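Engineer: For reference, the file run_3.pdb (PDB, C-alpha atoms, pLDDT in the B column) is included below:
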```
ATOM      1  CA  MET D   1      -8.729  16.138   6.644  1.00 72.00           C
ATOM      2  CA  ALA D   2      -7.071  14.016   3.974  1.00 80.00           C
ATOM      3  CA  VAL D   3      -6.602  15.577   0.545  1.00 87.00           C
ATOM      4  CA  ASP D   4      -6.141  14.091  -2.905  1.00 94.00           C
ATOM      5  CA  ILE D   5      -2.570  14.706  -4.010  1.00 96.00           C
ATOM      6  CA  ASP D   6       0.092  13.276  -6.327  1.00 97.00           C
ATOM      7  CA  ILE D   7       3.652  13.447  -4.999  1.00 97.00           C
ATOM      8  CA  PRO D   8       6.490  12.929  -7.482  1.00 97.00           C
ATOM      9  CA  TYR D   9       9.681  11.199  -6.370  1.00 96.00           C
ATOM     10  CA  SER D  10      12.834  10.573  -8.410  1.00 94.00           C
ATOM     11  CA  THR D  11      15.330   8.005  -7.184  1.00 92.00           C
ATOM     12  CA  LYS D  12      19.096   8.417  -7.324  1.00 91.00           C
ATOM     13  CA  GLU D  13      18.952   5.633  -9.906  1.00 88.00           C
ATOM     14  CA  GLY D  14      16.902   7.915 -12.172  1.00 90.00           C
ATOM     15  CA  ILE D  15      13.494   6.240 -11.825  1.00 91.00           C
ATOM     16  CA  ASP D  16      10.541   8.623 -11.590  1.00 94.00           C
ATOM     17  CA  TYR D  17       7.619   7.629  -9.382  1.00 94.00           C
ATOM     18  CA  LEU D  18       4.290   9.193  -8.617  1.00 96.00           C
ATOM     19  CA  ILE D  19       2.786   8.445  -5.217  1.00 97.00           C
ATOM     20  CA  LYS D  20      -0.944   9.133  -5.454  1.00 97.00           C
ATOM     21  CA  PHE D  21      -3.226   9.658  -2.478  1.00 97.00           C
ATOM     22  CA  THR D  22      -6.943   9.579  -3.385  1.00 97.00           C
ATOM     23  CA  GLN D  23      -9.878   9.501  -0.975  1.00 96.00           C
ATOM     24  CA  PHE D  24     -12.494   6.796  -1.392  1.00 93.00           C
ATOM     25  CA  PRO D  25     -16.000   8.221  -1.777  1.00 92.00           C
ATOM     26  CA  LYS D  26     -17.715   8.120   1.619  1.00 88.00           C
ATOM     27  CA  ASP D  27     -20.793   6.403   0.127  1.00 88.00           C
ATOM     28  CA  ARG D  28     -18.657   3.381  -0.874  1.00 85.00           C
ATOM     29  CA  LEU D  29     -17.521   2.728   2.698  1.00 85.00           C
ATOM     30  CA  PRO D  30     -19.251   1.015   5.609  1.00 82.00           C
ATOM     31  CA  GLU D  31     -21.121   3.721   7.541  1.00 86.00           C
ATOM     32  CA  GLU D  32     -19.207   2.852  10.731  1.00 91.00           C
ATOM     33  CA  ILE D  33     -16.033   4.241   9.141  1.00 93.00           C
ATOM     34  CA  THR D  34     -15.939   7.828  10.356  1.00 92.00           C
ATOM     35  CA  ILE D  35     -12.491   8.812   9.101  1.00 94.00           C
ATOM     36  CA  PRO D  36     -11.335   9.064   5.478  1.00 95.00           C
ATOM     37  CA  VAL D  37     -10.050   6.022   3.618  1.00 96.00           C
ATOM     38  CA  VAL D  38      -7.272   6.967   1.231  1.00 97.00           C
ATOM     39  CA  ASP D  39      -6.091   4.842  -1.674  1.00 96.00           C
ATOM     40  CA  ILE D  40      -2.318   4.820  -2.189  1.00 96.00           C
ATOM     41  CA  VAL D  41      -0.949   4.098  -5.662  1.00 96.00           C
ATOM     42  CA  ILE D  42       2.785   3.996  -6.358  1.00 94.00           C
ATOM     43  CA  GLU D  43       3.377   4.151 -10.089  1.00 93.00           C
ATOM     44  CA  THR D  44       6.136   4.583 -12.611  1.00 92.00           C
ATOM     45  CA  ASP D  45       6.342   4.627 -16.383  1.00 90.00           C
ATOM     46  CA  ALA D  46       9.837   3.115 -16.264  1.00 87.00           C
ATOM     47  CA  ASN D  47      10.480  -0.134 -18.094  1.00 87.00           C
ATOM     48  CA  ILE D  48      10.663  -3.111 -15.730  1.00 84.00           C
ATOM     49  CA  ASN D  49      14.188  -3.905 -16.965  1.00 81.00           C
ATOM     50  CA  ASP D  50      15.374  -0.388 -16.089  1.00 83.00           C
ATOM     51  CA  ILE D  51      14.136  -0.438 -12.500  1.00 84.00           C
ATOM     52  CA  SER D  52      16.845  -1.172  -9.981  1.00 79.00           C
ATOM     53  CA  ASN D  53      16.050   0.658  -6.756  1.00 76.00           C
ATOM     54  CA  SER D  54      18.261   0.801  -3.717  1.00 79.00           C
ATOM     55  CA  ALA D  55      16.961   0.213  -0.205  1.00 82.00           C
ATOM     56  CA  PHE D  56      17.368   3.963   0.302  1.00 87.00           C
ATOM     57  CA  SER D  57      14.964   4.721  -2.564  1.00 88.00           C
ATOM     58  CA  LEU D  58      12.364   2.285  -1.272  1.00 86.00           C
ATOM     59  CA  LEU D  59      12.622   3.770   2.220  1.00 88.00           C
ATOM     60  CA  GLN D  60      12.146   7.257   0.761  1.00 92.00           C
ATOM     61  CA  ILE D  61       8.873   6.136  -0.825  1.00 92.00           C
ATOM     62  CA  THR D  62       7.793   4.732   2.537  1.00 89.00           C
ATOM     63  CA  GLN D  63       8.780   8.014   4.204  1.00 91.00           C
ATOM     64  CA  ILE D  64       6.591   9.985   1.773  1.00 94.00           C
ATOM     65  CA  ILE D  65       3.653   7.767   2.720  1.00 93.00           C
ATOM     66  CA  ARG D  66       4.430   8.108   6.427  1.00 90.00           C
ATOM     67  CA  ASP D  67       4.749  11.905   6.225  1.00 92.00           C
ATOM     68  CA  TYR D  68       1.360  12.140   4.549  1.00 94.00           C
ATOM     69  CA  ALA D  69      -0.181   9.750   7.101  1.00 93.00           C
ATOM     70  CA  VAL D  70       1.210  11.726  10.052  1.00 91.00           C
ATOM     71  CA  GLU D  71      -0.511  14.856   8.734  1.00 94.00           C
ATOM     72  CA  HIS D  72      -3.804  13.247   7.682  1.00 94.00           C
ATOM     73  CA  ASP D  73      -5.652  10.945  10.060  1.00 94.00           C
ATOM     74  CA  ALA D  74      -7.073   8.248   7.801  1.00 96.00           C
ATOM     75  CA  ILE D  75      -7.034   4.600   6.857  1.00 96.00           C
ATOM     76  CA  TYR D  76      -4.621   3.985   3.981  1.00 95.00           C
ATOM     77  CA  TYR D  77      -5.513   1.316   1.443  1.00 95.00           C
ATOM     78  CA  CYS D  78      -2.832  -0.057  -0.857  1.00 94.00           C
ATOM     79  CA  TYR D  79      -3.693  -2.760  -3.396  1.00 94.00           C
ATOM     80  CA  CYS D  80      -0.615  -4.613  -4.657  1.00 91.00           C
ATOM     81  CA  SER D  81      -0.524  -4.652  -8.447  1.00 90.00           C
ATOM     82  CA  ASP D  82      -0.016  -7.809 -10.454  1.00 88.00           C
ATOM     83  CA  LYS D  83       2.109  -5.963 -13.040  1.00 88.00           C
ATOM     84  CA  PRO D  84       5.500  -7.600 -13.599  1.00 86.00           C
ATOM     85  CA  ILE D  85       8.238  -6.705 -11.134  1.00 87.00           C
ATOM     86  CA  LYS D  86      11.856  -7.874 -11.042  1.00 85.00           C
ATOM     87  CA  ARG D  87      12.554 -10.432  -8.341  1.00 85.00           C
ATOM     88  CA  SER D  88      15.674 -12.183  -7.208  1.00 85.00           C
ATOM     89  CA  LYS D  89      16.033 -15.897  -7.911  1.00 88.00           C
ATOM     90  CA  SER D  90      15.179 -16.655  -4.284  1.00 91.00           C
ATOM     91  CA  LYS D  91      11.867 -14.784  -4.686  1.00 87.00           C
ATOM     92  CA  ALA D  92      11.011 -16.046  -8.190  1.00 88.00           C
ATOM     93  CA  HIS D  93       8.451 -18.492  -6.769  1.00 90.00           C
ATOM     94  CA  LEU D  94       6.313 -15.574  -5.523  1.00 90.00           C
ATOM     95  CA  ASN D  95       3.756 -14.058  -7.867  1.00 90.00           C
ATOM     96  CA  HIS D  96       3.987 -10.322  -8.550  1.00 89.00           C
ATOM     97  CA  GLN D  97       1.309  -9.342  -6.004  1.00 90.00           C
ATOM     98  CA  GLU D  98       2.736 -11.493  -3.235  1.00 92.00           C
ATOM     99  CA  TYR D  99       6.248 -10.184  -3.853  1.00 90.00           C
ATOM    100  CA  ARG D 100       5.036  -6.554  -3.805  1.00 90.00           C
ATOM    101  CA  SER D 101       3.143  -7.246  -0.590  1.00 92.00           C
ATOM    102  CA  LYS D 102       6.195  -8.718   1.133  1.00 91.00           C
ATOM    103  CA  LEU D 103       8.354  -5.845  -0.148  1.00 88.00           C
ATOM    104  CA  PHE D 104       5.814  -3.310   1.119  1.00 86.00           C
ATOM    105  CA  CYS D 105       5.833  -4.987   4.562  1.00 88.00           C
ATOM    106  CA  LYS D 106       9.638  -4.903   4.715  1.00 86.00           C
ATOM    107  CA  MET D 107       9.728  -1.252   3.640  1.00 84.00           C
ATOM    108  CA  PHE D 108       7.196  -0.408   6.329  1.00 82.00           C
ATOM    109  CA  GLU D 109       9.094  -2.355   9.044  1.00 83.00           C
ATOM    110  CA  LYS D 110      12.476  -0.841   8.123  1.00 80.00           C
ATOM    111  CA  ASN D 111      11.076   2.675   8.426  1.00 76.00           C
ATOM    112  CA  ASN D 112      10.275   2.069  12.126  1.00 68.00           C
ATOM    113  CA  ASN D 113       6.646   3.088  11.899  1.00 73.00           C
ATOM    114  CA  SER D 114       5.810   2.048  15.468  1.00 84.00           C
ATOM    115  CA  ASP D 115       2.887   4.530  15.667  1.00 88.00           C
ATOM    116  CA  PHE D 116       1.152   2.777  12.761  1.00 92.00           C
ATOM    117  CA  ILE D 117      -0.192  -0.653  11.959  1.00 92.00           C
ATOM    118  CA  ASN D 118       0.153  -2.239   8.540  1.00 92.00           C
ATOM    119  CA  ARG D 119      -2.356  -5.045   8.176  1.00 93.00           C
ATOM    120  CA  THR D 120      -2.172  -7.304   5.164  1.00 94.00           C
ATOM    121  CA  VAL D 121      -5.459  -8.688   3.879  1.00 93.00           C
ATOM    122  CA  ILE D 122      -5.247 -11.550   1.390  1.00 93.00           C
ATOM    123  CA  ILE D 123      -8.343 -12.362  -0.606  1.00 91.00           C
ATOM    124  CA  ASN D 124      -8.148 -15.856  -2.032  1.00 87.00           C
ATOM    125  CA  ASP D 125      -9.155 -16.035  -5.691  1.00 84.00           C
ATOM    126  CA  PRO D 126      -8.435 -19.364  -7.391  1.00 83.00           C
ATOM    127  CA  GLN D 127      -9.234 -17.976 -10.872  1.00 83.00           C
ATOM    128  CA  LYS D 128      -7.268 -14.715 -10.854  1.00 81.00           C
ATOM    129  CA  GLY D 129      -4.759 -15.374  -8.081  1.00 82.00           C
ATOM    130  CA  ASN D 130      -4.789 -14.014  -4.567  1.00 89.00           C
ATOM    131  CA  HIS D 131      -5.257 -10.294  -4.001  1.00 92.00           C
ATOM    132  CA  HIS D 132      -2.916  -8.601  -1.519  1.00 94.00           C
ATOM    133  CA  ILE D 133      -4.119  -5.429   0.185  1.00 94.00           C
ATOM    134  CA  HIS D 134      -2.490  -3.345   2.894  1.00 94.00           C
ATOM    135  CA  LEU D 135      -4.427  -1.263   5.402  1.00 95.00           C
ATOM    136  CA  ILE D 136      -2.339   1.270   7.287  1.00 93.00           C
ATOM    137  CA  THR D 137      -3.406   3.604  10.064  1.00 93.00           C
ATOM    138  CA  LYS D 138      -2.406   5.031  13.406  1.00 93.00           C
ATOM    139  CA  LEU D 139      -2.695   2.538  16.269  1.00 93.00           C
ATOM    140  CA  GLU D 140      -5.754   4.264  17.745  1.00 94.00           C
ATOM    141  CA  ASN D 141      -7.722   3.594  14.525  1.00 95.00           C
ATOM    142  CA  GLU D 142      -7.195  -0.172  14.510  1.00 94.00           C
ATOM    143  CA  HIS D 143     -10.919  -0.835  15.069  1.00 94.00           C
ATOM    144  CA  PHE D 144     -11.618   0.785  11.672  1.00 94.00           C
ATOM    145  CA  VAL D 145      -9.066  -1.521  10.050  1.00 94.00           C
ATOM    146  CA  ASP D 146     -10.882  -4.446  11.676  1.00 93.00           C
ATOM    147  CA  LEU D 147     -14.164  -3.307  10.072  1.00 90.00           C
ATOM    148  CA  ILE D 148     -12.610  -2.870   6.633  1.00 90.00           C
ATOM    149  CA  SER D 149     -10.743  -6.194   6.909  1.00 89.00           C
ATOM    150  CA  ASP D 150     -13.980  -7.958   7.767  1.00 86.00           C
ATOM    151  CA  SER D 151     -15.701  -6.337   4.763  1.00 84.00           C
ATOM    152  CA  LEU D 152     -12.867  -7.323   2.432  1.00 84.00           C
ATOM    153  CA  ASN D 153     -12.789 -10.877   3.720  1.00 79.00           C
ATOM    154  CA  GLU D 154     -16.366 -11.318   2.491  1.00 79.00           C
ATOM    155  CA  PHE D 155     -14.840 -11.480  -1.014  1.00 75.00           C
ATOM    156  CA  ASP D 156     -12.654 -14.442  -0.036  1.00 70.00           C
ATOM    157  CA  LYS D 157     -13.411 -17.444  -2.278  1.00 58.00           C
TER     158      LYS D 157
END
```
Could you show the structure in this file as structure tokens?

Structural biologist:
Amino acid sequence: MAVDIDIPYSTKEGIDYLIKFTQFPKDRLPEEITIPVVDIVIETDANINDISNSAFSLLQITQIIRDYAVEHDAIYYCYCSDKPIKRSKSKAHLNHQEYRSKLFCKMFEKNNNSDFINRTVIINDPQKGNHHIHLITKLENEHFVDLISDSLNEFDK
């Protein structure tokens, strides 16, 4: 059974993160979803100009998520924030959510999580910008991700 927990992580670069795992209330989920849905939030109080993480640090964050997911059979929901994030010049054309989503995908791929799927759901919103959401679970739970994806896509504008 999934549990609510906050896991601190400090990078070699001196940035402190908190990786939060919080279960969605069962009554807010489609009744067909019979396993927990866990919200993942990766947060830091560091100033955007101070954040300069190595690939190693980003992979460590992904490993923390993977370790939790191996122990707790669930669907993991990660909404990409629109808070400012540093981007290279080649990625400057991406908005903050899109960049975070692509970064999250790369982190997930590099960590060789072949037992898991990471589905990206993009909800189009012309007024506020597109919303990027990741749904992660073990391969055998993909049908639950399909149900949640379908529910989320109803918000597409």

Engineer: Step by step, work through what the PyMOL selection byres ((chain D and resi 48) around 8) selects in the shown file, and finish by giving those residues as an MDAnalysis selection string.

Structural biologist: chainID D and resid 46:47 49:51 84:86

Engineer: Using all atoms listed in the file, find each residue of range 3-104 of chain D with at least one atom at most 6 Å away from an atom of range 131-150 of chain D; report its shortest atom-to-atom pair and that distance in Å (one decimal), sort the rows by chain and rising residue number, and return the result as a tab-separated table.

Structural biologist:
```
residue	atom	partner	partner_atom	distance
D:Ile75	CA	D:Thr137	CA	4.9
D:Tyr76	CA	D:Ile136	CA	4.8
D:Tyr77	CA	D:Leu135	CA	4.8
D:Cys78	CA	D:His134	CA	5.0
D:Tyr79	CA	D:Ile133	CA	4.5
D:Cys80	CA	D:His132	CA	5.6
```

Engineer: Which residues would end up in the selection if the PyMOL selection byres ((chain D and resi 122) around 10) were applied here, given that I need the answer as number ranges by chain?

Structural biologist: D: 98, 101, 119-121, 123-125, 130-134, 149, 152-153, 155-156

Engineer: Spell out the residues picked by the PyMOL selection byres ((chain D and resi 11) around 10) here, as a PyMOL selection string.

Structural biologist: chain D and resi 9-10+12-17+52-54+56-58+60-61

Engineer: How many Å separate CA of Pro36 in chain D from CA of Ile64 in chain D?

Structural biologist: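 Interatomic distance, CA of Pro36 in chain D to CA of Ile64 in chain D: 18.3 Å.
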
Engineer: List the spatial neighbours of range 18-21 of chain D as a list in words - criterion: any atom at most 9 Å away, only C-alpha atoms, same-chain residues fewer than 5 positions off excluded.

Structural biologist: Ala2, Val3, Asp4, Ile5, Asp6, Ile7, Pro8, Tyr9, Ser10, Val38, Asp39, Ile40, Val41, Ile42, Glu43, Thr44, Ile61, Ile64, Ile65, Tyr68 and Tyr76 of chain D

Engineer: Just the number, please: distance in Å from CA of Asp73 in chain D to CA of Met1 in chain D, one decimal.

Structural biologist: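 Pair CA of Asp73 in chain D / CA of Met1 in chain D returns 6.9 Å.
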
Engineer: What's the separation between CA of Ser81 in chain D and CA of Lys26 in chain D, in Å to one decimal place?

Structural biologist: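 Separation between CA of Ser81 in chain D and CA of Lys26 in chain D: 23.7 Å.
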
Engineer: Give me the box for range 90-102 of chain D as JSON, namely the centre and edge lengths in Å to one decimal of a box along x, y and z that holds every listed atom plus 3 Å on each side.

Structural biologist:
```
{"center_x": 8.2, "center_y": -12.5, "center_z": -3.7, "size_x": 19.9, "size_y": 17.9, "size_z": 15.7}
```

Engineer: Fewer than 4 positions away in the same chain doesn't count, so skip those; otherwise give me all residues within 9 Å of Asn95 in chain D, counting only C-alpha atoms, as a PyMOL selection string.

Structural biologist: chain D and resi 82+84+91+99-100+129

Engineer: Filtering to N, CA, C and O atoms, could range 43-55 of chain D of the supplied structure be written out as a PDB file, in the first residue's frame?

Structural biologist:
```pdb
ATOM      1  N   GLU D  43      10.150  19.576  -5.210  1.00  0.00           N
ATOM      2  CA  GLU D  43      10.230  21.008  -4.925  1.00  0.00           C
ATOM      3  C   GLU D  43      11.559  21.384  -4.290  1.00  0.00           C
ATOM      4  O   GLU D  43      12.244  20.554  -3.700  1.00  0.00           O
ATOM      5  N   THR D  44      11.877  22.657  -4.457  1.00  0.00           N
ATOM      6  CA  THR D  44      13.056  23.241  -3.833  1.00  0.00           C
ATOM      7  C   THR D  44      12.759  24.703  -3.510  1.00  0.00           C
ATOM      8  O   THR D  44      11.962  25.336  -4.206  1.00  0.00           O
ATOM      9  N   ASP D  45      13.425  25.193  -2.476  1.00  0.00           N
ATOM     10  CA  ASP D  45      13.316  26.609  -2.141  1.00  0.00           C
ATOM     11  C   ASP D  45      14.468  27.410  -2.755  1.00  0.00           C
ATOM     12  O   ASP D  45      14.549  28.623  -2.579  1.00  0.00           O
ATOM     13  N   ALA D  46      15.347  26.724  -3.476  1.00  0.00           N
ATOM     14  CA  ALA D  46      16.519  27.382  -4.054  1.00  0.00           C
ATOM     15  C   ALA D  46      16.095  28.411  -5.104  1.00  0.00           C
ATOM     16  O   ALA D  46      15.108  28.225  -5.819  1.00  0.00           O
ATOM     17  N   ASN D  47      16.860  29.468  -5.193  1.00  0.00           N
ATOM     18  CA  ASN D  47      16.652  30.496  -6.200  1.00  0.00           C
ATOM     19  C   ASN D  47      16.962  29.907  -7.575  1.00  0.00           C
ATOM     20  O   ASN D  47      17.943  29.175  -7.738  1.00  0.00           O
ATOM     21  N   ILE D  48      16.147  30.236  -8.549  1.00  0.00           N
ATOM     22  CA  ILE D  48      16.321  29.709  -9.908  1.00  0.00           C
ATOM     23  C   ILE D  48      17.740  29.935 -10.438  1.00  0.00           C
ATOM     24  O   ILE D  48      18.302  29.097 -11.128  1.00  0.00           O
ATOM     25  N   ASN D  49      18.345  31.068 -10.095  1.00  0.00           N
ATOM     26  CA  ASN D  49      19.687  31.379 -10.588  1.00  0.00           C
ATOM     27  C   ASN D  49      20.772  30.552  -9.911  1.00  0.00           C
ATOM     28  O   ASN D  49      21.890  30.460 -10.410  1.00  0.00           O
ATOM     29  N   ASP D  50      20.447  29.940  -8.773  1.00  0.00           N
ATOM     30  CA  ASP D  50      21.414  29.111  -8.055  1.00  0.00           C
ATOM     31  C   ASP D  50      21.369  27.649  -8.479  1.00  0.00           C
ATOM     32  O   ASP D  50      22.276  26.887  -8.170  1.00  0.00           O
ATOM     33  N   ILE D  51      20.315  27.259  -9.160  1.00  0.00           N
ATOM     34  CA  ILE D  51      20.137  25.847  -9.514  1.00  0.00           C
ATOM     35  C   ILE D  51      20.940  25.519 -10.762  1.00  0.00           C
ATOM     36  O   ILE D  51      20.760  26.114 -11.818  1.00  0.00           O
ATOM     37  N   SER D  52      21.840  24.577 -10.594  1.00  0.00           N
ATOM     38  CA  SER D  52      22.659  24.081 -11.694  1.00  0.00           C
ATOM     39  C   SER D  52      22.953  22.620 -11.403  1.00  0.00           C
ATOM     40  O   SER D  52      23.997  22.278 -10.856  1.00  0.00           O
ATOM     41  N   ASN D  53      22.006  21.755 -11.738  1.00  0.00           N
ATOM     42  CA  ASN D  53      22.127  20.339 -11.400  1.00  0.00           C
ATOM     43  C   ASN D  53      22.866  19.560 -12.479  1.00  0.00           C
ATOM     44  O   ASN D  53      22.696  19.809 -13.657  1.00  0.00           O
ATOM     45  N   SER D  54      23.622  18.597 -12.042  1.00  0.00           N
ATOM     46  CA  SER D  54      24.292  17.689 -12.963  1.00  0.00           C
ATOM     47  C   SER D  54      23.311  16.598 -13.386  1.00  0.00           C
ATOM     48  O   SER D  54      22.262  16.400 -12.763  1.00  0.00           O
ATOM     49  N   ALA D  55      23.676  15.869 -14.425  1.00  0.00           N
ATOM     50  CA  ALA D  55      22.868  14.728 -14.854  1.00  0.00           C
ATOM     51  C   ALA D  55      22.776  13.714 -13.717  1.00  0.00           C
ATOM     52  O   ALA D  55      21.730  13.098 -13.501  1.00  0.00           O
TER      53      ALA D  55
END
```
